[in-house]
Every structure is written in structure tokens, then in C-alpha cells.
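S.K.: final_5.cif is reproduced below (mmCIF, C-alpha atoms).
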data_protein
#
loop_
_atom_site.label_atom_id
_atom_site.label_comp_id
_atom_site.auth_asym_id
_atom_site.auth_seq_id
_atom_site.Cartn_x
_atom_site.Cartn_y
_atom_site.Cartn_z
CA MET Q 1 -12.71 109.91 -24.69
CA LYS Q 2 -15.88 108.25 -23.60
CA ILE Q 3 -15.62 105.75 -26.43
CA LYS Q 4 -12.07 104.76 -25.46
CA PHE Q 5 -13.14 104.11 -21.88
CA THR Q 6 -15.96 101.87 -23.06
CA PHE Q 7 -13.54 99.88 -25.21
CA CYS Q 8 -11.14 99.45 -22.34
CA ALA Q 9 -13.94 98.31 -20.08
CA ALA Q 10 -15.08 95.79 -22.64
CA PHE Q 11 -11.50 94.53 -23.02
CA LEU Q 12 -11.19 94.07 -19.28
CA ILE Q 13 -14.47 92.14 -19.11
CA VAL Q 14 -13.40 89.80 -21.95
CA SER Q 15 -9.93 89.29 -20.42
CA SER Q 16 -11.54 88.59 -17.06
CA LEU Q 17 -13.82 85.95 -18.60
CA THR Q 18 -10.87 84.31 -20.41
CA ILE Q 19 -8.76 84.15 -17.28
CA ARG Q 20 -11.72 82.78 -15.31
CA ALA Q 21 -12.32 80.05 -17.89
CA SER Q 22 -8.63 79.08 -17.85
CA LEU Q 23 -8.62 78.90 -14.06
CA GLU Q 24 -11.71 76.69 -14.08
CA ASP Q 25 -9.98 74.34 -16.51
CA ILE Q 26 -6.84 74.25 -14.38
CA LEU Q 27 -8.67 73.78 -11.10
CA ALA Q 28 -11.15 71.26 -12.45
CA PRO Q 29 -10.90 67.76 -10.76
CA LEU Q 30 -8.78 65.15 -12.54
CA PRO Q 31 -10.69 62.47 -14.49
CA ILE Q 32 -11.23 59.15 -12.71
CA LEU Q 33 -8.73 56.57 -13.91
CA ALA Q 34 -10.14 53.62 -15.78
CA GLU Q 35 -9.53 50.06 -14.58
CA ALA Q 36 -6.66 49.72 -17.03
CA SER Q 37 -4.37 52.70 -16.32
CA PRO Q 38 -3.19 54.69 -19.31
CA VAL Q 39 0.39 54.47 -20.44
CA PHE Q 40 2.39 57.68 -20.60
CA VAL Q 41 5.34 58.49 -22.84
CA VAL Q 42 8.19 60.52 -21.41
CA SER Q 43 10.28 62.22 -24.04
CA LYS Q 44 13.99 62.24 -23.31
CA SER Q 45 14.25 65.72 -24.76
CA GLU Q 46 11.37 67.00 -22.59
CA GLU Q 47 11.51 64.87 -19.45
CA ASN Q 48 8.72 66.73 -17.66
CA THR Q 49 6.18 66.27 -20.43
CA LEU Q 50 3.71 63.37 -20.07
CA VAL Q 51 1.73 62.38 -23.17
CA PRO Q 52 -1.21 60.00 -22.45
CA LEU Q 53 -1.85 57.26 -25.00
CA LYS Q 54 -5.26 55.85 -25.93
CA SER Q 55 -4.49 52.23 -24.96
CA GLU Q 56 -2.39 50.53 -22.31
CA VAL Q 57 0.11 49.31 -24.91
CA ALA Q 58 1.51 52.05 -27.10
CA THR Q 59 1.10 51.31 -30.77
CA GLU Q 60 3.27 54.20 -31.97
CA VAL Q 61 6.04 55.43 -29.74
CA PRO Q 62 7.92 58.58 -30.76
CA GLU Q 63 11.58 58.04 -31.52
CA GLY Q 64 13.74 58.31 -28.41
CA ALA Q 65 10.77 57.84 -26.02
CA VAL Q 66 10.31 55.28 -23.19
CA ASN Q 67 7.02 53.63 -22.14
CA ILE Q 68 6.20 54.03 -18.43
CA PRO Q 69 2.95 52.41 -17.20
CA ALA Q 70 1.03 54.43 -14.65
CA VAL Q 71 1.31 52.98 -11.12
CA GLU Q 72 -1.97 54.29 -9.74
CA GLY Q 73 -4.92 52.01 -10.34
CA ARG Q 74 -2.83 48.96 -11.37
CA PRO Q 75 -4.13 45.72 -9.70
CA LEU Q 76 -1.70 43.90 -7.39
CA ALA Q 77 -0.29 40.54 -8.60
CA ALA Q 78 -2.15 37.51 -7.23
CA THR Q 79 -0.31 35.42 -4.61
CA VAL Q 80 0.70 32.00 -6.05
CA GLN Q 81 -0.15 29.21 -3.61
CA LYS Q 82 2.25 26.24 -3.55
CA PRO Q 83 0.48 22.95 -4.49
CA PHE Q 84 -0.02 20.43 -1.69
CA TYR Q 85 0.79 16.75 -2.37
CA PRO Q 86 0.02 14.68 0.75
CA ILE Q 87 2.43 11.92 1.79
CA THR Q 88 0.49 8.68 1.36
CA GLU Q 89 1.07 5.34 3.13
CA SER Q 90 2.02 3.63 -0.15
CA SER Q 91 4.50 6.41 -0.95
CA LEU Q 92 6.11 6.06 2.49
CA LEU Q 93 6.41 2.27 2.14
CA THR Q 94 7.98 2.63 -1.34
CA ALA Q 95 10.51 5.12 0.06
CA ILE Q 96 11.46 2.70 2.87
CA GLU Q 97 11.91 -0.19 0.39
CA GLY Q 98 14.02 2.08 -1.81
CA GLN Q 99 16.35 2.88 1.08
CA MET Q 100 16.72 -0.85 1.78
CA HIS Q 101 17.84 -1.40 -1.82
CA VAL Q 102 20.36 1.45 -1.58
CA HIS Q 103 21.98 0.01 1.56
CA LEU Q 104 21.82 -3.75 0.86
CA ARG Q 105 21.98 -3.91 -2.99
CA PRO Q 106 20.34 -7.38 -3.15
CA ALA Q 107 20.02 -9.61 -6.26
CA GLY Q 108 16.27 -9.06 -6.48
CA LYS Q 109 13.40 -6.76 -5.51
CA ILE Q 110 12.81 -6.14 -1.82
CA THR Q 111 9.22 -5.93 -0.64
CA LEU Q 112 8.29 -5.15 2.98
CA THR Q 113 5.03 -5.97 4.74
CA PRO Q 114 4.57 -3.73 7.81
CA LEU Q 115 3.43 -5.67 10.88
CA ARG Q 116 2.19 -2.45 12.48
CA ALA Q 117 0.40 0.55 10.98
CA LEU Q 118 2.68 3.07 9.31
CA PRO Q 119 2.50 6.68 10.59
CA ASP Q 120 -0.16 8.93 9.03
CA LEU Q 121 1.70 11.73 7.22
CA SER Q 122 -1.17 12.89 5.03
CA ASN Q 123 -1.12 16.33 6.69
CA HIS Q 124 2.41 16.86 5.34
CA SER Q 125 3.42 17.51 1.75
CA GLU Q 126 5.93 15.97 -0.60
CA PRO Q 127 8.82 16.10 -1.38
CA TYR Q 128 10.26 14.38 1.67
CA GLU Q 129 13.19 12.15 2.63
CA VAL Q 130 13.33 8.88 4.56
CA LYS Q 131 16.33 7.76 6.61
CA LEU Q 132 16.77 4.25 8.05
CA SER Q 133 18.86 2.92 10.91
CA ARG Q 134 19.16 -0.51 12.62
CA LEU Q 135 19.50 -2.08 9.18
CA PRO Q 136 20.26 -5.84 9.05
CA GLY Q 137 23.52 -6.94 7.44
CA ARG Q 138 21.57 -9.33 5.19
CA LEU Q 139 17.96 -10.27 4.62
CA SER Q 140 16.43 -13.45 6.01
CA LYS Q 141 12.95 -14.89 6.58
CA ASN Q 142 12.96 -13.43 10.09
CA THR Q 143 11.08 -10.26 11.06
CA ILE Q 144 13.22 -7.14 10.90
CA TYR Q 145 12.84 -3.91 12.91
CA LEU Q 146 13.65 -0.62 11.22
CA SER Q 147 14.15 2.78 12.82
CA ILE Q 148 12.60 5.29 10.40
CA GLN Q 149 12.90 9.07 10.23
CA ALA Q 150 10.93 11.24 7.78
CA GLU Q 151 11.80 14.83 6.98
CA ASN Q 152 10.58 17.52 4.56
CA GLU Q 153 10.96 21.32 4.27
CA GLU Q 154 9.03 21.75 7.54
CA GLY Q 155 11.71 19.76 9.38
CA VAL Q 156 11.74 16.30 10.99
CA LEU Q 157 8.22 14.84 10.85
CA GLY Q 158 8.90 12.03 13.33
CA ASN Q 159 10.87 8.92 14.30
CA TRP Q 160 9.35 5.44 14.48
CA ASP Q 161 10.44 1.82 15.15
CA ILE Q 162 8.37 -0.52 12.99
CA PRO Q 163 8.60 -4.32 12.41
CA PHE Q 164 8.44 -5.69 8.84
CA ARG Q 165 8.25 -9.08 7.16
CA PRO Q 166 10.70 -8.95 4.21
CA ALA Q 167 10.65 -10.73 0.86
CA LEU Q 168 13.20 -10.76 -1.97
CA TYR Q 169 11.67 -11.57 -5.35
CA SER Q 170 13.62 -12.51 -8.47
CA GLU Q 171 13.22 -14.69 -11.56
CA VAL Q 172 15.07 -18.03 -11.38
CA TRP Q 173 15.56 -20.93 -13.80
CA PHE Q 174 13.18 -23.94 -13.70
CA ALA Q 175 14.02 -27.05 -15.74
CA LYS Q 176 11.63 -27.86 -18.59
CA ARG Q 177 13.01 -31.36 -19.27
CA TYR Q 178 15.16 -34.02 -17.68
CA LEU Q 179 18.77 -32.72 -17.68
CA ARG Q 180 21.76 -35.08 -17.62
CA GLU Q 181 25.02 -34.68 -15.74
CA ARG Q 182 27.88 -33.12 -17.81
CA GLU Q 183 25.51 -31.64 -20.42
CA LEU Q 184 26.28 -28.03 -21.26
CA ALA Q 185 23.78 -25.65 -19.69
CA ALA Q 186 21.49 -23.91 -22.20
CA ALA Q 187 18.66 -21.38 -21.89
CA SER Q 188 16.37 -23.61 -23.97
CA ASP Q 189 16.38 -26.13 -21.11
CA PHE Q 190 14.63 -23.69 -18.73
CA GLU Q 191 11.81 -21.25 -18.13
CA ALA Q 192 11.98 -18.26 -15.78
CA ARG Q 193 9.67 -18.03 -12.76
CA GLN Q 194 9.55 -15.49 -9.97
CA VAL Q 195 10.27 -16.79 -6.46
CA ASP Q 196 11.14 -15.41 -3.05
CA LEU Q 197 14.89 -15.93 -2.73
CA LEU Q 198 14.59 -15.83 1.06
CA TYR Q 199 12.82 -19.22 0.78
CA GLU Q 200 14.95 -20.49 -2.14
CA PRO Q 201 18.39 -19.05 -1.25
CA ASP Q 202 20.31 -21.52 -3.50
CA ALA Q 203 18.21 -20.90 -6.61
CA VAL Q 204 20.11 -19.58 -9.65
CA VAL Q 205 18.94 -16.15 -10.84
CA ALA Q 206 17.81 -16.31 -14.47
CA THR Q 207 20.74 -14.81 -16.40
CA LEU Q 208 22.24 -16.17 -19.63
CA GLU Q 209 25.79 -15.48 -18.49
CA VAL Q 210 25.51 -18.07 -15.71
CA LEU Q 211 24.39 -20.77 -18.13
CA GLN Q 212 27.11 -20.00 -20.65
CA GLN Q 213 29.81 -20.58 -18.02
CA HIS Q 214 28.52 -23.83 -16.54
CA GLU Q 215 27.47 -27.41 -17.18
CA TYR Q 216 25.26 -29.70 -15.15
CA ASN Q 217 26.93 -31.29 -12.18
CA ARG Q 218 24.15 -33.86 -11.67
CA ASP Q 219 20.83 -34.94 -13.14
CA ILE Q 220 17.98 -32.44 -12.77
CA ARG Q 221 14.29 -33.35 -12.89
CA PRO Q 222 11.79 -31.19 -14.83
CA GLY Q 223 9.88 -28.61 -12.79
CA GLN Q 224 12.73 -28.22 -10.28
CA PRO Q 225 14.46 -24.85 -9.73
CA LEU Q 226 18.09 -24.79 -10.84
CA LYS Q 227 20.38 -24.52 -7.82
CA TRP Q 228 24.05 -23.66 -7.58
CA GLY Q 229 24.84 -27.21 -6.48
CA ASP Q 230 23.45 -28.42 -9.83
CA LEU Q 231 26.15 -26.56 -11.77
CA ALA Q 232 29.86 -27.01 -12.31
CA GLU Q 233 32.22 -24.69 -14.12
CA ARG Q 234 32.09 -25.44 -17.82
CA SER Q 235 34.96 -27.62 -19.13
CA LEU Q 236 36.64 -25.92 -22.08
CA VAL Q 237 38.56 -29.11 -22.81
CA ARG Q 238 36.96 -32.56 -22.61
CA LYS Q 239 38.48 -36.03 -22.33
CA GLY Q 240 39.13 -37.57 -25.76
CA GLN Q 241 38.82 -34.21 -27.53
CA VAL Q 242 41.47 -33.21 -30.07
CA VAL Q 243 42.65 -29.72 -29.07
CA ASP Q 244 44.95 -27.04 -30.44
CA VAL Q 245 48.24 -26.77 -28.56
CA ILE Q 246 50.63 -23.82 -28.63
CA ALA Q 247 54.08 -24.75 -27.30
CA TYR Q 248 56.50 -21.94 -26.38
CA GLN Q 249 60.23 -22.26 -25.91
CA GLY Q 250 61.73 -18.86 -25.29
CA MET Q 251 60.53 -16.54 -28.06
CA ILE Q 252 59.64 -19.41 -30.39
CA GLY Q 253 56.10 -20.79 -30.58
CA ILE Q 254 55.02 -24.05 -32.24
CA SER Q 255 51.43 -25.06 -33.02
CA MET Q 256 50.37 -28.70 -32.90
CA ARG Q 257 47.38 -30.95 -32.22
CA ALA Q 258 46.94 -33.33 -29.27
CA LYS Q 259 44.29 -35.45 -27.61
CA ALA Q 260 43.03 -34.46 -24.14
CA GLN Q 261 43.29 -37.20 -21.51
CA GLN Q 262 40.88 -35.44 -19.10
CA ASP Q 263 38.38 -32.59 -18.75
CA GLY Q 264 39.68 -29.17 -17.88
CA VAL Q 265 38.29 -25.71 -17.06
CA ARG Q 266 40.02 -22.41 -17.81
CA GLY Q 267 43.38 -22.15 -16.02
CA GLU Q 268 43.49 -25.85 -15.10
CA MET Q 269 46.42 -28.15 -16.05
CA VAL Q 270 45.41 -31.19 -18.14
CA PHE Q 271 47.28 -34.21 -19.56
CA LEU Q 272 47.57 -34.47 -23.36
CA SER Q 273 48.78 -37.11 -25.82
CA ASN Q 274 50.83 -36.25 -28.92
CA LEU Q 275 48.92 -37.56 -31.98
CA GLU Q 276 52.13 -38.65 -33.78
CA SER Q 277 54.42 -39.95 -31.02
CA ASN Q 278 51.74 -40.82 -28.43
CA LYS Q 279 53.95 -39.16 -25.82
CA ASN Q 280 52.10 -37.57 -22.89
CA PHE Q 281 52.64 -34.03 -21.65
CA SER Q 282 50.64 -31.43 -19.73
CA GLY Q 283 49.42 -27.94 -20.56
CA GLU Q 284 47.19 -25.12 -19.28
CA VAL Q 285 43.66 -24.67 -20.62
CA ILE Q 286 43.41 -21.13 -22.05
CA GLY Q 287 40.18 -21.29 -24.07
CA GLU Q 288 37.60 -23.40 -25.82
CA GLY Q 289 39.62 -26.42 -27.13
CA ARG Q 290 42.94 -24.58 -26.63
CA VAL Q 291 45.91 -25.50 -24.45
CA GLN Q 292 49.23 -23.72 -23.86
CA VAL Q 293 52.52 -25.47 -23.12
CA THR Q 294 55.67 -23.70 -21.95
CA PHE Q 295 59.06 -25.44 -21.97
#
Output the structure of this file as C-alpha cells.
M.R.:
Amino acid sequence: MKIKFTFCAAFLIVSSLTIRASLEDILAPLPILAEASPVFVVSKSEENTLVPLKSEVATEVPEGAVNIPAVEGRPLAATVQKPFYPITESSLLTAIEGQMHVHLRPAGKITLTPLRALPDLSNHSEPYEVKLSRLPGRLSKNTIYLSIQAENEEGVLGNWDIPFRPALYSEVWFAKRYLRERELAAASDFEARQVDLLYEPDAVVATLEVLQQHEYNRDIRPGQPLKWGDLAERSLVRKGQVVDVIAYQGMIGISMRAKAQQDGVRGEMVFLSNLESNKNFSGEVIGEGRVQVTF
């Protein structure tokens, strides 16, 4: 009986030590989280079971499990600061010139020289918008006054009335040789130079299409800019030229040849002479060396 009591006592002491050790493990403080928080796996079949992984990114995830990163200890995302691009004086002037082009659509490039300092908008950021009022109907050599408003995401930045000296630059034709009246205009007769059209308003802008449709209306000296008064619409039929004539009577058309008695541009009526009978008649110029006659 004494032996049994001793055994029971020993059993109670061992059980007490086991329970005490378990309680110490349970009540022990949690380990301090590392800078990179561990990732836990929650099993769908055992939703209350958390299994810590060794690294932040799970390399092997049990089938049917979902990765959930621990919230505690995760660093907050850094705030992204919007870049600041100051509005410069040259940018503002370019924006004003651009608005002038939009409203006036001139045959050249507008440049503006401010006669007073432009507003300092360097404390404000792009993008921004410029609006103009008091625009002239057309450009001239005279000073122009523009009412300017600038606006960005902050709102209206200001309104200003500023005087400008305008210029309108474009390339125009300059004669390279002495050009004779009634010669057909050709690009080889000219070179292109840039001028201010506000000081040469009658100068012809350097385009091939203009030359192809005109001939010289008077003699032109070398080194002079080509002006509209120097050109006449190109004659498609010339005096003494043998031309093709199409004569229509009802639904019937007859082709023949005739000699032109005068120059003629497209759509103009000219007198012709029949090559066989020498009889004169008139017809409408419809193309290069072509005349149409309707009876």
C-alpha cells in the first residue's frame, strides 16, 4: 500500500511538471516579427489553421490553399510626388503664338515680340492653357494688343493686356535670271528666300502649284521677289498654235484640227480657223491645246 502511494505521488509530480511546461510554452511572449513579415497559408479545409512559411513568397503552396501576407509589420507605401514643370517665358510666348495661328490661319509663321515683360509664371506648373481675346481680324505691321488668360489645374492664373510687334515669315520666290513677259513660269527660274510677308504683302509664296498655273505678265529683273502682279493665268491655247477641236452636234462628236487666232485660258472662248476651209469659228478652251465646240 505504501508503494502504491509513492507511485501515485511520483505520477502527480511528473504530470504537474508536464502541465507547467506546457503552460509556460503557451504563455510565453510571441516572437518579434522580422522586417519582412512572414506569409501564412490558410487551408480551405481548416480555415482556422495558420501555417507560417520560411520566406515572404511561398515556394510550395499546398493544393487548395491561398497566400495571405501578414499585415502587421508591413511598411506603408511611399507617397508619389507629382513632378513640377515650371511655366517658362518662352513656353508662354510659344503658346500665345500658337493661339494666333489657330484663330487667323495665316499663310506663314507668326512670330510675336512682346513690347512689355510677360508675366512670371515660374511658380506654376505645366500643363496649362492660354486663351486670347481682342484678336485682330488680320495681321499688319502695326502693334497689336492681346488680352491673355492663363489657366492650369489650380485655376485661372491671371489676365493680362500686352502689346506685341507681329511678323509673318514665309518663303517666297526670287528671280534668278531676267524673265520675259509671256514666258511660262518655272521653278528653275527662282530660288526661295524667307521674308516677312507683312512688309512684302504681294510676294508670291514659294509653291510649285502657283508656277504651274501661271505665266509672266511682264518682265522681271533678277534678284526681285515674284509678286502677284507679275503673273497672269497660264494660257492653255496660244495664238498660231494648232489645237485639237471636238465638235458636238447632239449626241454626235467630231474631232478635227484648227489654228488658234488668239491666246486663251481655261474656260475662255477663242477664235479658231479651220485648216482646210480657212473658215473661222469659236470654241471653249477645255485643256492644254484642246478646244470644244457645240453646235
S.K.: Using the chain letters and numbering of this document, enumerate as a list in words the residues selected by the PyMOL selection byres ((chain Q and resi 85) around 6).
M.R.: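 On this input, the PyMOL selection byres ((chain Q and resi 85) around 6) captures Phe84, Pro86, Ser125 and Glu126 of chain Q.
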S.K.: I'd like the interatomic distance between CA of Trp160 in chain Q and CA of Glu97 in chain Q, to a tenth of an Å.
M.R.: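 Answer for the CA of Trp160 in chain Q to CA of Glu97 in chain Q separation: 15.4 Å.
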S.K.: Can you spell out as a ChimeraX atom specification the set of residues that the PyMOL selection byres ((chain Q and resi 200) around 12) selects in the structure I just provided?
M.R.: /Q:140-141,167-173,194-199,201-205,224-228
S.K.: Just to be explicit: take each residue in the selection above, keep C-alpha atoms, and write the result as a tab-separated table (two decimals), keeping the file's coordinate frame.
M.R.:
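Ended up saving to result.tsv:
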chain	number	residue	atom	x	y	z
Q	140	SER	CA	16.43	-13.45	6.01
Q	141	LYS	CA	12.95	-14.89	6.58
Q	167	ALA	CA	10.65	-10.73	0.86
Q	168	LEU	CA	13.20	-10.76	-1.97
Q	169	TYR	CA	11.67	-11.57	-5.35
Q	170	SER	CA	13.62	-12.51	-8.47
Q	171	GLU	CA	13.22	-14.69	-11.56
Q	172	VAL	CA	15.07	-18.03	-11.38
Q	173	TRP	CA	15.56	-20.93	-13.80
Q	194	GLN	CA	9.55	-15.49	-9.97
Q	195	VAL	CA	10.27	-16.79	-6.46
Q	196	ASP	CA	11.14	-15.41	-3.05
Q	197	LEU	CA	14.89	-15.93	-2.73
Q	198	LEU	CA	14.59	-15.83	1.06
Q	199	TYR	CA	12.82	-19.22	0.78
Q	201	PRO	CA	18.39	-19.05	-1.25
Q	202	ASP	CA	20.31	-21.52	-3.50
Q	203	ALA	CA	18.21	-20.90	-6.61
Q	204	VAL	CA	20.11	-19.58	-9.65
Q	205	VAL	CA	18.94	-16.15	-10.84
Q	224	GLN	CA	12.73	-28.22	-10.28
Q	225	PRO	CA	14.46	-24.85	-9.73
Q	226	LEU	CA	18.09	-24.79	-10.84
Q	227	LYS	CA	20.38	-24.52	-7.82
Q	228	TRP	CA	24.05	-23.66	-7.58
S.K.: Excluding Tyr128 in chain Q and residues on its chain fewer than 4 positions from it, collect all residues at most 10 Å away from it, counting all atoms listed in the file, and give them as a list in words.
M.R.: Ile87, Leu92, Ala95, His124, Ala150, Glu151, Asn152, Glu153, Glu154, Gly155, Val156 and Leu157 of chain Q
S.K.: Go ahead and dump the residues you just picked, C-alpha atoms, as a tab-separated table (two decimals), in the frame of the given file.
M.R.:
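Below is the file that was written, again.tsv:
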chain	number	residue	atom	x	y	z
Q	87	ILE	CA	2.43	11.92	1.79
Q	92	LEU	CA	6.11	6.06	2.49
Q	95	ALA	CA	10.51	5.12	0.06
Q	124	HIS	CA	2.41	16.86	5.34
Q	150	ALA	CA	10.93	11.24	7.78
Q	151	GLU	CA	11.80	14.83	6.98
Q	152	ASN	CA	10.58	17.52	4.56
Q	153	GLU	CA	10.96	21.32	4.27
Q	154	GLU	CA	9.03	21.75	7.54
Q	155	GLY	CA	11.71	19.76	9.38
Q	156	VAL	CA	11.74	16.30	10.99
Q	157	LEU	CA	8.22	14.84	10.85
S.K.: Which distance in Å separates CA of Ile252 in chain Q and CA of Gly264 in chain Q, to one decimal?
M.R.: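 So the two atoms, CA of Ile252 in chain Q and CA of Gly264 in chain Q, lie 25.5 Å apart.
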S.K.: I need the residue nearest Asp161 in chain Q from this list: Q:Pro119, Q:Gly108, Q:Pro127, Q:Gly287. Use all atoms listed in the file for the distance.
M.R.: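 Closest to Asp161 in chain Q of all the choices is Q:Pro119.
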S.K.: Care to translate the PyMOL selection byres ((chain Q and resi 185) around 6) into actual residues of this file, as a list in words?
M.R.: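 Against this file, the PyMOL selection byres ((chain Q and resi 185) around 6) returns the residues Leu184, Ala186, Leu211, His214 and Glu215 of chain Q.
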S.K.: Which residues, written as a PyMOL selection string, have at least one atom at most 12 Å from Leu135 in chain Q, with all atoms listed in the file counted and residues fewer than 4 positions away on the same chain left out?
M.R.: chain Q and resi 96-97+99-104+131+139+143-148+161-164
S.K.: Neighbouring residues of Glu233 in chain Q were defined as those with any atom within 9 Å, considering only C-alpha atoms; residues of the same chain fewer than 4 positions away were excluded. Please report them as an NGL selection string.
M.R.: :Q and (213-217 or 265-266)
